[in-house]
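As stored in target.csv (CSV, C-alpha atoms):
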chain,number,residue,atom,x,y,z
A,1439,MET,CA,-3.7,16.0,17.2
A,1440,ARG,CA,-4.5,16.8,13.6
A,1441,LYS,CA,-4.1,20.4,12.4
A,1442,ALA,CA,-6.6,21.9,9.9
A,1443,TRP,CA,-5.0,22.5,6.5
A,1444,LEU,CA,-7.0,25.5,5.4
A,1445,VAL,CA,-5.1,28.7,5.7
A,1446,ALA,CA,-6.7,31.8,7.2
A,1447,SER,CA,-7.3,33.4,3.8
A,1448,VAL,CA,-9.6,30.6,2.7
A,1449,GLY,CA,-13.1,31.2,3.9
A,1450,ILE,CA,-15.9,28.7,4.2
A,1451,GLY,CA,-17.3,29.7,0.8
A,1452,GLY,CA,-14.0,28.8,-0.8
A,1453,ALA,CA,-14.0,25.5,0.9
A,1454,LEU,CA,-17.5,24.7,-0.4
A,1455,SER,CA,-16.4,25.7,-3.9
A,1456,PHE,CA,-13.4,23.3,-3.6
A,1457,ILE,CA,-15.7,20.5,-2.6
A,1458,ALA,CA,-18.1,21.2,-5.5
A,1459,LEU,CA,-15.1,20.8,-7.9
A,1460,LEU,CA,-14.2,17.5,-6.2
A,1461,VAL,CA,-17.8,16.3,-6.5
A,1462,VAL,CA,-17.8,16.9,-10.3
A,1463,GLY,CA,-14.4,15.2,-10.5
A,1464,THR,CA,-15.7,12.1,-8.7
A,1465,TYR,CA,-18.5,11.6,-11.2
A,1466,MET,CA,-16.0,12.1,-14.1
A,1467,ALA,CA,-13.7,9.6,-12.6
A,1468,ALA,CA,-16.5,7.1,-12.0
A,1469,GLY,CA,-17.1,7.0,-15.7
A,1470,SER,CA,-13.5,6.7,-16.8
A,1471,ILE,CA,-11.7,4.2,-14.5
A,1472,ALA,CA,-12.0,0.5,-15.2
A,1473,GLY,CA,-12.4,-2.2,-12.6
A,1474,GLY,CA,-9.8,-4.7,-11.5
A,1475,SER,CA,-8.6,-7.6,-13.6
A,1476,GLY,CA,-8.1,-11.3,-12.6
A,1477,GLY,CA,-5.0,-12.7,-11.0
A,1478,SER,CA,-3.8,-14.7,-8.0
A,1479,VAL,CA,-5.5,-13.8,-4.8
A,1480,GLY,CA,-3.5,-12.3,-2.0
A,1481,LEU,CA,-4.5,-10.5,1.2
A,1482,ALA,CA,-5.0,-6.8,1.4
A,1483,LYS,CA,-2.6,-4.9,3.6
A,1484,GLY,CA,-3.5,-5.4,7.3
A,1485,ALA,CA,-6.9,-6.8,6.5
A,1486,VAL,CA,-6.1,-9.9,8.5
A,1487,PRO,CA,-4.3,-9.4,11.9
A,1488,ALA,CA,-0.6,-10.0,11.4
A,1489,THR,CA,-0.6,-12.9,13.9
A,1490,TYR,CA,-3.0,-14.9,11.6
A,1491,GLN,CA,-2.0,-13.6,8.2
A,1492,PRO,CA,0.6,-16.3,7.4
A,1493,LEU,CA,-1.9,-19.0,8.5
A,1494,VAL,CA,-4.7,-17.6,6.3
A,1495,GLN,CA,-2.4,-17.1,3.3
A,1496,LYS,CA,-1.0,-20.7,3.6
A,1497,TRP,CA,-4.2,-22.6,4.3
A,1498,GLY,CA,-6.3,-20.4,2.0
A,1499,ASN,CA,-4.6,-22.1,-0.9
A,1500,LEU,CA,-5.4,-25.7,0.3
A,1501,CYS,CA,-7.7,-26.4,-2.6
A,1502,LYS,CA,-9.0,-24.7,-5.7
A,1503,ALA,CA,-12.4,-23.9,-4.2
A,1504,ILE,CA,-11.0,-21.5,-1.7
A,1505,ASN,CA,-8.5,-18.7,-1.6
A,1506,PRO,CA,-6.9,-16.6,1.3
A,1507,ALA,CA,-9.4,-13.8,0.9
A,1508,LEU,CA,-12.4,-16.1,1.0
A,1509,LEU,CA,-11.0,-17.9,4.1
A,1510,ALA,CA,-10.4,-14.5,5.8
A,1511,ALA,CA,-14.0,-13.4,5.0
A,1512,GLN,CA,-15.3,-16.6,6.6
A,1513,LEU,CA,-13.2,-16.1,9.8
A,1514,TYR,CA,-14.2,-12.4,10.0
A,1515,GLN,CA,-17.9,-13.3,9.5
A,1516,GLU,CA,-17.7,-16.0,12.1
A,1517,SER,CA,-15.7,-14.4,14.9
A,1518,GLY,CA,-14.2,-11.1,13.8
A,1519,PHE,CA,-10.8,-12.9,14.2
A,1520,ASN,CA,-11.5,-13.4,17.9
A,1521,PRO,CA,-9.9,-16.7,19.0
A,1522,ARG,CA,-11.9,-16.7,22.2
A,1523,ALA,CA,-15.3,-16.2,20.6
A,1524,LYS,CA,-18.2,-18.3,21.9
A,1525,SER,CA,-21.7,-18.0,20.4
A,1526,PRO,CA,-25.0,-18.7,22.1
A,1527,ALA,CA,-25.2,-21.9,20.0
A,1528,LYS,CA,-21.9,-23.0,21.6
A,1529,ALA,CA,-19.8,-22.4,18.4
A,1530,LEU,CA,-16.3,-22.0,19.6
A,1531,GLY,CA,-13.1,-20.2,18.6
A,1532,ILE,CA,-11.9,-18.1,15.7
A,1533,ALA,CA,-13.6,-20.4,13.2
A,1534,GLN,CA,-16.8,-21.0,15.3
A,1535,PHE,CA,-16.9,-24.8,15.2
A,1536,ILE,CA,-19.7,-26.5,17.1
A,1537,PRO,CA,-18.4,-29.4,19.2
A,1538,GLY,CA,-19.7,-32.2,16.9
A,1539,THR,CA,-18.3,-30.6,13.7
A,1540,TRP,CA,-14.9,-30.1,15.5
A,1541,ALA,CA,-14.8,-33.7,16.6
A,1542,ALA,CA,-15.3,-34.8,13.0
A,1543,HIS,CA,-13.3,-32.3,11.1
A,1544,GLY,CA,-10.8,-30.6,13.5
A,1545,VAL,CA,-7.2,-31.1,12.5
A,1546,ASP,CA,-3.9,-30.7,14.3
A,1547,GLY,CA,-2.7,-27.8,12.2
A,1548,ASP,CA,0.5,-27.1,14.1
A,1549,GLY,CA,1.5,-30.7,14.6
A,1550,ASP,CA,1.8,-30.4,18.4
A,1551,GLY,CA,-0.2,-33.6,19.0
A,1552,ASP,CA,-3.6,-32.2,19.9
A,1553,ARG,CA,-6.6,-30.6,18.2
A,1554,ASP,CA,-7.5,-27.4,20.1
A,1555,VAL,CA,-10.5,-25.5,18.9
A,1556,TRP,CA,-9.3,-22.4,20.8
A,1557,ASP,CA,-5.9,-22.4,19.1
A,1558,PRO,CA,-6.0,-20.5,15.7
A,1559,GLU,CA,-3.0,-22.7,14.6
A,1560,ASP,CA,-5.5,-25.6,14.7
A,1561,ALA,CA,-8.8,-23.8,14.0
A,1562,ILE,CA,-7.7,-21.9,10.9
A,1563,PRO,CA,-6.3,-25.0,9.1
A,1564,SER,CA,-9.4,-26.9,10.2
A,1565,ALA,CA,-11.7,-24.3,8.6
A,1566,ALA,CA,-9.8,-24.6,5.4
A,1567,SER,CA,-9.7,-28.4,5.5
A,1568,TYR,CA,-13.5,-28.5,6.2
A,1569,ASP,CA,-14.1,-26.1,3.2
A,1570,CYS,CA,-12.1,-28.4,1.0
A,1571,LYS,CA,-13.9,-31.5,2.2
A,1572,LEU,CA,-17.2,-29.9,1.4
A,1573,ALA,CA,-15.9,-28.9,-2.0
A,1574,GLY,CA,-15.0,-32.5,-2.6
A,1575,TYR,CA,-18.4,-33.7,-1.7
A,1576,VAL,CA,-20.1,-31.4,-4.2
A,1577,LYS,CA,-17.4,-31.4,-6.9
A,1578,ASP,CA,-19.7,-33.0,-9.5
A,1579,ALA,CA,-22.5,-30.4,-9.0
A,1580,PRO,CA,-23.0,-27.9,-11.9
A,1581,GLY,CA,-22.0,-24.3,-11.3
A,1582,ASP,CA,-19.2,-22.5,-9.6
A,1583,PRO,CA,-17.2,-24.8,-7.2
A,1584,THR,CA,-16.6,-22.0,-4.7
A,1585,LYS,CA,-20.3,-21.0,-4.5
A,1586,ASN,CA,-21.3,-24.7,-4.2
A,1587,MET,CA,-18.8,-25.2,-1.4
A,1588,LEU,CA,-20.2,-22.2,0.5
A,1589,ALA,CA,-23.8,-23.5,-0.1
A,1590,ALA,CA,-22.8,-26.9,1.3
A,1591,TYR,CA,-21.3,-25.1,4.3
A,1592,ASN,CA,-24.6,-23.5,4.9
A,1593,ALA,CA,-27.2,-26.0,3.7
A,1594,GLY,CA,-25.3,-29.3,3.6
A,1595,ALA,CA,-23.8,-31.1,0.6
A,1596,TYR,CA,-27.0,-33.1,0.0
A,1597,ALA,CA,-28.9,-30.0,-0.8
A,1598,VAL,CA,-26.3,-28.8,-3.3
A,1599,ILE,CA,-26.3,-32.2,-5.0
A,1600,LYS,CA,-30.1,-32.4,-5.0
A,1601,TYR,CA,-30.6,-29.0,-6.7
A,1602,GLY,CA,-27.5,-29.2,-8.9
A,1603,GLY,CA,-25.8,-26.2,-7.4
A,1604,VAL,CA,-26.7,-23.5,-4.9
A,1605,PRO,CA,-30.2,-24.5,-3.6
A,1606,PRO,CA,-33.1,-22.2,-3.8
A,1607,TYR,CA,-33.0,-21.3,-0.1
A,1608,ARG,CA,-33.0,-17.6,0.7
A,1609,GLU,CA,-30.7,-18.1,3.7
A,1610,THR,CA,-28.2,-20.1,1.7
A,1611,GLN,CA,-28.2,-17.8,-1.3
A,1612,ASN,CA,-27.7,-14.8,1.0
A,1613,TYR,CA,-24.8,-16.6,2.8
A,1614,VAL,CA,-23.1,-17.4,-0.5
A,1615,LYS,CA,-23.4,-13.8,-1.7
A,1616,THR,CA,-22.4,-12.4,1.7
A,1617,ILE,CA,-19.1,-14.3,1.8
A,1618,THR,CA,-18.2,-13.7,-1.8
A,1619,ASP,CA,-18.9,-10.0,-1.5
A,1620,LEU,CA,-17.0,-9.8,1.8
A,1621,SER,CA,-14.0,-11.6,0.4
A,1622,LYS,CA,-13.4,-8.6,-1.9
A,1623,SER,CA,-12.6,-6.5,1.1
A,1624,PHE,CA,-9.9,-9.0,2.1
A,1625,ALA,CA,-8.4,-9.5,-1.3
A,1626,ARG,CA,-5.4,-7.4,-2.5
A,1627,PRO,CA,-6.5,-5.5,-5.6
A,1628,VAL,CA,-4.7,-6.5,-8.8
A,1629,GLY,CA,-5.9,-3.6,-10.8
A,1630,ARG,CA,-7.8,-0.3,-10.6
A,1631,VAL,CA,-10.7,-0.4,-8.1
A,1632,GLU,CA,-14.1,0.7,-9.5
A,1633,PRO,CA,-15.2,4.1,-8.2
A,1634,SER,CA,-18.1,4.5,-5.8
A,1635,ARG,CA,-21.0,6.2,-7.5
A,1636,GLN,CA,-22.4,7.4,-4.2
A,1637,ALA,CA,-19.2,9.2,-3.2
A,1638,ALA,CA,-20.2,12.7,-4.2
A,1639,GLY,CA,-23.4,12.6,-2.2
A,1640,ALA,CA,-21.5,11.4,0.9
A,1641,ILE,CA,-19.0,14.2,0.6
A,1642,TYR,CA,-21.8,16.7,0.1
A,1643,TYR,CA,-23.4,15.5,3.4
A,1644,ALA,CA,-20.1,15.7,5.3
A,1645,GLN,CA,-19.1,19.1,4.1
A,1646,LYS,CA,-22.4,20.5,5.4
A,1647,LYS,CA,-21.3,19.4,8.9
A,1648,LEU,CA,-18.0,21.4,8.8
A,1649,GLY,CA,-17.6,23.3,12.1
A,1650,THR,CA,-19.8,20.9,14.1
A,1651,LEU,CA,-18.3,20.1,17.5
A,1652,TYR,CA,-17.0,16.5,18.0
A,1653,LEU,CA,-18.9,14.1,20.3
A,1654,TRP,CA,-17.6,10.7,21.3
A,1655,GLY,CA,-20.3,8.2,20.3
A,1656,GLY,CA,-22.1,10.9,18.4
A,1657,ASN,CA,-24.5,9.8,15.6
A,1658,GLY,CA,-25.8,13.3,14.8
A,1659,THR,CA,-29.2,12.8,16.5
A,1660,PRO,CA,-31.3,15.8,17.7
A,1661,GLU,CA,-30.6,14.6,21.3
A,1662,GLN,CA,-26.9,14.9,20.6
A,1663,ASN,CA,-27.3,18.4,19.0
A,1664,GLY,CA,-26.3,17.0,15.6
A,1665,ARG,CA,-22.8,16.1,16.8
A,1666,PHE,CA,-20.7,13.2,15.6
A,1667,ASP,CA,-17.6,11.2,16.3
A,1668,CYS,CA,-15.4,10.0,13.4
A,1669,SER,CA,-17.2,6.8,12.4
A,1670,GLY,CA,-20.6,8.4,13.2
A,1671,LEU,CA,-19.9,11.0,10.6
A,1672,THR,CA,-18.9,8.5,7.9
A,1673,LEU,CA,-21.9,6.3,8.7
A,1674,ALA,CA,-24.3,9.3,8.4
A,1675,ALA,CA,-22.7,10.5,5.2
A,1676,TYR,CA,-23.1,7.2,3.4
A,1677,ARG,CA,-26.5,6.6,4.9
A,1678,SER,CA,-27.6,9.8,3.2
A,1679,VAL,CA,-26.9,8.0,-0.2
A,1680,GLY,CA,-28.6,4.8,0.8
A,1681,ILE,CA,-25.6,2.8,2.1
A,1682,THR,CA,-25.6,1.5,5.7
A,1683,LEU,CA,-22.1,1.2,7.1
A,1684,PRO,CA,-21.2,-0.6,10.3
A,1685,ARG,CA,-20.9,1.7,13.3
A,1686,VAL,CA,-17.2,1.4,14.2
A,1687,ALA,CA,-14.2,2.4,12.1
A,1688,ASN,CA,-12.4,-1.0,12.1
A,1689,ASP,CA,-15.5,-2.6,10.7
A,1690,GLN,CA,-16.0,0.2,8.1
A,1691,TYR,CA,-12.6,-0.8,6.7
A,1692,ASN,CA,-14.3,-4.0,5.4
A,1693,VAL,CA,-17.1,-2.5,3.3
A,1694,GLY,CA,-15.2,-2.6,0.0
A,1695,PRO,CA,-11.9,-3.1,-1.8
A,1696,HIS,CA,-8.8,-1.1,-0.9
A,1697,PRO,CA,-7.3,1.3,-3.4
A,1698,LYS,CA,-3.6,2.3,-3.2
A,1699,ARG,CA,-2.6,5.7,-1.9
A,1700,ASP,CA,-2.0,7.0,-5.4
A,1701,GLU,CA,-5.4,5.7,-6.6
A,1702,LEU,CA,-7.6,7.5,-4.0
A,1703,LEU,CA,-10.7,9.2,-5.2
A,1704,PRO,CA,-13.0,11.6,-3.3
A,1705,GLY,CA,-15.4,9.7,-1.2
A,1706,ASP,CA,-13.0,6.9,-0.2
A,1707,LEU,CA,-12.9,6.2,3.5
A,1708,VAL,CA,-9.4,6.7,4.9
A,1709,PHE,CA,-8.2,5.0,8.1
A,1710,PHE,CA,-5.6,5.5,10.8
A,1711,SER,CA,-4.1,3.2,13.4
A,1712,ASP,CA,-1.2,2.8,15.8
A,1713,ASP,CA,-0.7,-0.8,14.5
A,1714,LEU,CA,-0.3,-0.7,10.7
A,1715,THR,CA,-0.4,-4.5,10.5
A,1716,ASN,CA,-3.9,-5.0,11.9
A,1717,SER,CA,-7.2,-3.5,10.6
A,1718,ARG,CA,-8.9,-4.6,13.9
A,1719,ALA,CA,-6.7,-1.9,15.6
A,1720,ILE,CA,-8.0,1.0,13.4
A,1721,ARG,CA,-9.0,3.9,15.6
A,1722,HIS,CA,-9.9,6.7,13.2
A,1723,VAL,CA,-11.7,7.2,9.9
A,1724,GLY,CA,-12.4,10.2,7.6
A,1725,ILE,CA,-13.8,10.8,4.1
A,1726,TYR,CA,-11.2,11.6,1.4
A,1727,VAL,CA,-11.9,14.8,-0.6
A,1728,GLY,CA,-8.9,15.0,-2.8
A,1729,GLY,CA,-5.5,16.7,-2.8
A,1730,GLY,CA,-4.3,14.7,0.2
A,1731,TYR,CA,-7.1,15.9,2.5
A,1732,MET,CA,-10.1,14.5,4.2
A,1733,ILE,CA,-13.2,15.7,6.1
A,1734,ASN,CA,-13.2,14.2,9.6
A,1735,ALA,CA,-14.4,14.5,13.2
A,1736,PRO,CA,-11.0,14.4,14.7
A,1737,ARG,CA,-11.2,14.3,18.5
A,1738,PRO,CA,-13.0,15.7,21.6
A,1739,GLY,CA,-12.7,19.4,21.8
A,1740,ALA,CA,-12.3,19.8,18.0
A,1741,VAL,CA,-14.8,20.4,15.2
A,1742,ILE,CA,-15.4,18.6,12.0
A,1743,ARG,CA,-12.8,19.9,9.6
A,1744,PHE,CA,-10.4,19.3,6.8
A,1745,ASP,CA,-7.2,17.5,7.7
A,1746,PRO,CA,-4.2,15.9,5.8
A,1747,ILE,CA,-4.1,12.2,5.5
A,1748,ASP,CA,-0.4,11.7,5.0
A,1749,THR,CA,0.6,11.1,8.6
A,1750,PRO,CA,2.6,8.3,10.1
A,1751,ASP,CA,-0.6,6.6,11.4
A,1752,TYR,CA,-2.2,6.4,7.9
A,1753,PHE,CA,-3.4,2.8,7.5
A,1754,GLY,CA,-5.1,2.7,4.2
A,1755,ALA,CA,-8.4,3.3,2.4
A,1756,THR,CA,-11.6,1.6,1.4
A,1757,ARG,CA,-13.8,2.3,-1.6
A,1758,VAL,CA,-17.3,1.8,-0.3
A,1759,THR,CA,-19.7,-0.5,-2.1
A,1760,LYS,CA,-23.3,-1.2,-1.3
A,1761,ASP,CA,-22.8,-5.0,-1.4
A,1762,GLY,CA,-19.7,-4.8,0.7
A,1763,ALA,CA,-21.5,-2.8,3.4
A,1764,LYS,CA,-24.3,-5.3,3.4
A,1765,ALA,CA,-21.9,-8.2,3.8
A,1766,VAL,CA,-20.2,-6.9,7.0
A,1767,PRO,CA,-21.7,-8.6,10.1
A,1768,ALA,CA,-24.2,-6.3,11.9
A,1769,LYS,CA,-23.0,-7.4,15.3
A,1770,PRO,CA,-19.8,-9.1,16.5
A,1771,THR,CA,-20.0,-12.7,17.7
A,1772,GLU,CA,-20.9,-12.8,21.4
A,1773,VAL,CA,-18.1,-13.9,23.6
I'd like the structure from this file rewritten - as structure tokens, please.
Amino acid sequence: MRKAWLVASVGIGGALSFIALLVVGTYMAAGSIAGGSGGSVGLAKGAVPATYQPLVQKWGNLCKAINPALLAAQLYQESGFNPRAKSPAKALGIAQFIPGTWAAHGVDGDGDGDRDVWDPEDAIPSAASYDCKLAGYVKDAPGDPTKNMLAAYNAGAYAVIKYGGVPPYRETQNYVKTITDLSKSFARPVGRVEPSRQAAGAIYYAQKKLGTLYLWGGNGTPEQNGRFDCSGLTLAAYRSVGITLPRVANDQYNVGPHPKRDELLPGDLVFFSDDLTNSRAIRHVGIYVGGGYMINAPRPGAVIRFDPIDTPDYFGATRVTKDGAKAVPAKPTEV
């Protein structure tokens, strides 16, 4: 249970004034903090389930065209890190190989003498190996080697060679952009993370819902009497400024890069989990408002309110970006 932080002497008018100051501060910060700088690519804390993180970190460095964050983005896009995923097209496992592609490109990653598409210790190395083979096929094509590799993954190497880079197919161009945008959510930031310019509007929306009773599964519809659960509130707040988040909290973690605790700005999403090594286990989300506090819909029986974020179950934060939100899969792979 989370206890409200406002003392009895602070009325709702004071709370709104406090939020107004934070809104101004958000816009000032947005104009003064620079984006991140280059550097080696590591994985953001907990972005990949701990069971698979060593595999992704190791095999994500197999060739220059890929990196661990990019490989993680592909696995998340394909299966949501579900090793038992099976699509209607009969793509199988955590990397969603179709049988023909697995037969040609599956590798025995763990050296146990077999190639098992259902075993992440084979499937993750196979995904990296396949990426690198594709990169080799298109290595002489002009343009960015990573984008050319992703284009070859989607449209085939011949199309990349024919067009001298990413081909003019909308589906392929969208795929390349989706994976490169999504990879930013899995990469460990190496510098300051650019502020969200929609943050103030999202806070403004959320603070107008203070005092509203929690509803599990609530999206704020008239039929639900305008009530929300935690991720329903954050979804509605950012939708009010033109950004569509995924519905559940553990997917909302992947809509942008991850600032450190001492780099938080109002409008960042803050997350909580009983497993601090796995973003797929996240169970709660709120909107940071500054000073160590968030607006959130905490639990059944409670109302939308201010709560502290510095609790033992604090997982981390995400700075929402429009491109990052668009890149998150709209629906998990069917299993």
- Record the distance separating atom CA of A:Asp1557 and atom CA of A:Tyr1490, expressed in Å with one decimal.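 These two atoms are separated by 11.0 Å.
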Could you make a table, as a tab-separated table, of the residues of stretch 1525-1628 of chain A that have an atom within 8 Å of an atom of stretch 1480-1487 of chain A, each with its nearest atom pair and distance in Å to one decimal, counting only C-alpha atoms, in chain and number order?
residue	atom	partner	partner_atom	distance
A:Ser1623	CA	A:Ala1482	CA	7.6
A:Phe1624	CA	A:Ala1482	CA	5.4
A:Ala1625	CA	A:Leu1481	CA	4.7
A:Arg1626	CA	A:Ala1482	CA	4.0
A:Pro1627	CA	A:Ala1482	CA	7.3
- Item | Which residue of A:Gly1629, A:Pro1580, A:Gly1670, A:Pro1605 approaches A:Val1479 most closely, using all atoms listed in the file |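 Going through A:Gly1629, A:Pro1580, A:Gly1670, A:Pro1605 one by one, the smallest distance to A:Val1479 is for A:Gly1629.
Distance annotation: of A:Ala1510, A:Ile1747, A:Ala1593, A:Ala1735, the residue with the minimal separation from A:Ala1565 is A:Ala1510; atom set is all atoms listed in the file.
Separating atom CA of A:Tyr1726 from atom CA of A:Leu1703 is a distance of 7.0 Å.
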- Query: Which value, in Å to one decimal, gives the distance between atom CA of A:Asp1761 and atom CA of A:Ile1681?
  - Reply: 9.0 Å
- 7 Å contact set for stretch 1689-1702 of chain A, all atoms listed in the file, chain neighbours under 2 positions out, as JSON, numbers by chain: {"A": [1622, 1623, 1627, 1631, 1683, 1684, 1686, 1687, 1704, 1706, 1755, 1756, 1757, 1758, 1759, 1762, 1763, 1766]}
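Among the candidates A:Ala1740, A:Lys1760, A:Leu1714, A:Arg1721, the one nearest to A:Arg1635 when counting only C-alpha atoms is A:Lys1760.
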Where does stretch 1482-1576 of chain A meet stretch 1582-1585 of chain A within 9 Å, residue by residue, with the nearest atom pair and distance in Å to one decimal for each, counting only C-alpha atoms, listed by chain and rising number, as CSV?
residue,atom,partner,partner_atom,distance
A:Lys1502,CA,A:Thr1584,CA,8.1
A:Ala1503,CA,A:Thr1584,CA,4.6
A:Ile1504,CA,A:Thr1584,CA,6.4
A:Ala1573,CA,A:Pro1583,CA,6.7
A:Val1576,CA,A:Pro1583,CA,7.8
- Query: Closest to A:Lys1764 among A:Leu1588, A:Leu1620, A:Leu1509, A:Ala1579, using all atoms listed in the file?
  - Reply: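 Selected residue with least distance to A:Lys1764: A:Leu1620.
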- Query: Given the choices A:Met1587, A:Ala1488, A:Leu1572, A:Met1732, which gets closest to A:Ala1719 if the distance is worked out from only C-alpha atoms?
  - Reply: A:Ala1488
- Pick from A:Ile1641, A:Ala1523, A:Val1723, A:Leu1530: nearest to A:Val1708, with all atoms listed in the file counted?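 The shortest atom-to-atom distance to A:Val1708 comes from A:Val1723.
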- Task: Quick one: everything within 8 Å of stretch 1651-1665 of chain A, counting only C-alpha atoms, minus sequence neighbours fewer than 5 positions away in the same chain. Send it as a VMD selection string.
- Result: chain A and resid 1670 to 1671 1674 1735 to 1742
So that I can see what lies close to A:Leu1513, please list as a PDB file with C-alpha atoms, in the coordinates of the input the residues with an atom at most 9 Å from it, counting only C-alpha atoms and leaving out residues fewer than 2 positions away in the same chain.
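New file part-v4.pdb:
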ATOM      1  CA  LEU A1508     -12.400 -16.100   1.000  1.00  0.00           C
ATOM      2  CA  LEU A1509     -11.000 -17.900   4.100  1.00  0.00           C
ATOM      3  CA  ALA A1510     -10.400 -14.500   5.800  1.00  0.00           C
ATOM      4  CA  ALA A1511     -14.000 -13.400   5.000  1.00  0.00           C
ATOM      5  CA  GLN A1515     -17.900 -13.300   9.500  1.00  0.00           C
ATOM      6  CA  GLU A1516     -17.700 -16.000  12.100  1.00  0.00           C
ATOM      7  CA  SER A1517     -15.700 -14.400  14.900  1.00  0.00           C
ATOM      8  CA  GLY A1518     -14.200 -11.100  13.800  1.00  0.00           C
ATOM      9  CA  PHE A1519     -10.800 -12.900  14.200  1.00  0.00           C
ATOM     10  CA  ASN A1520     -11.500 -13.400  17.900  1.00  0.00           C
ATOM     11  CA  ILE A1532     -11.900 -18.100  15.700  1.00  0.00           C
ATOM     12  CA  ALA A1533     -13.600 -20.400  13.200  1.00  0.00           C
ATOM     13  CA  GLN A1534     -16.800 -21.000  15.300  1.00  0.00           C
ATOM     14  CA  ILE A1562      -7.700 -21.900  10.900  1.00  0.00           C
ATOM     15  CA  ALA A1565     -11.700 -24.300   8.600  1.00  0.00           C
TER      16      ALA A1565
END
Could you get me a file of stretch 1476-1489 of chain A with N, CA, C and O atoms, as a CSV table (one decimal), in the first residue's frame, taken from the block above?
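Output file result-v6.csv follows:
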chain,number,residue,atom,x,y,z
A,1476,GLY,N,27.5,9.5,-28.0
A,1476,GLY,CA,27.8,8.1,-28.5
A,1476,GLY,C,28.6,7.3,-27.5
A,1476,GLY,O,29.0,7.8,-26.5
A,1477,GLY,N,28.7,6.1,-27.8
A,1477,GLY,CA,29.5,5.2,-26.9
A,1477,GLY,C,29.1,3.8,-27.2
A,1477,GLY,O,28.2,3.5,-28.0
A,1478,SER,N,29.8,2.8,-26.5
A,1478,SER,CA,29.4,1.4,-26.7
A,1478,SER,C,28.0,1.2,-26.2
A,1478,SER,O,27.5,1.8,-25.2
A,1479,VAL,N,27.4,0.2,-26.8
A,1479,VAL,CA,26.0,-0.1,-26.5
A,1479,VAL,C,25.8,-1.2,-25.5
A,1479,VAL,O,26.3,-2.3,-25.7
A,1480,GLY,N,25.2,-0.9,-24.3
A,1480,GLY,CA,24.9,-1.9,-23.4
A,1480,GLY,C,23.4,-1.9,-23.2
A,1480,GLY,O,22.7,-1.1,-23.8
A,1481,LEU,N,22.9,-2.8,-22.4
A,1481,LEU,CA,21.5,-3.0,-22.1
A,1481,LEU,C,21.0,-2.2,-20.9
A,1481,LEU,O,21.7,-2.1,-19.9
A,1482,ALA,N,19.9,-1.5,-21.1
A,1482,ALA,CA,19.3,-0.8,-19.9
A,1482,ALA,C,18.9,-1.8,-18.8
A,1482,ALA,O,18.6,-2.9,-19.1
A,1483,LYS,N,18.9,-1.3,-17.6
A,1483,LYS,CA,18.6,-2.1,-16.4
A,1483,LYS,C,17.3,-2.8,-16.6
A,1483,LYS,O,16.3,-2.2,-16.8
A,1484,GLY,N,17.3,-4.1,-16.5
A,1484,GLY,CA,16.1,-4.9,-16.5
A,1484,GLY,C,15.3,-5.0,-17.8
A,1484,GLY,O,14.3,-5.6,-17.8
A,1485,ALA,N,15.8,-4.3,-18.8
A,1485,ALA,CA,15.0,-4.2,-20.1
A,1485,ALA,C,14.8,-5.6,-20.7
A,1485,ALA,O,13.8,-5.9,-21.3
A,1486,VAL,N,15.8,-6.4,-20.6
A,1486,VAL,CA,15.8,-7.8,-21.0
A,1486,VAL,C,15.7,-8.7,-19.8
A,1486,VAL,O,16.4,-8.5,-18.8
A,1487,PRO,N,14.8,-9.6,-19.8
A,1487,PRO,CA,14.7,-10.5,-18.6
A,1487,PRO,C,16.1,-11.1,-18.2
A,1487,PRO,O,16.9,-11.5,-19.1
A,1488,ALA,N,16.3,-11.2,-17.0
A,1488,ALA,CA,17.7,-11.6,-16.5
A,1488,ALA,C,18.1,-12.9,-17.1
A,1488,ALA,O,19.3,-13.1,-17.3
A,1489,THR,N,17.2,-13.8,-17.3
A,1489,THR,CA,17.5,-15.1,-17.8
A,1489,THR,C,18.2,-15.0,-19.2
A,1489,THR,O,19.1,-15.8,-19.5
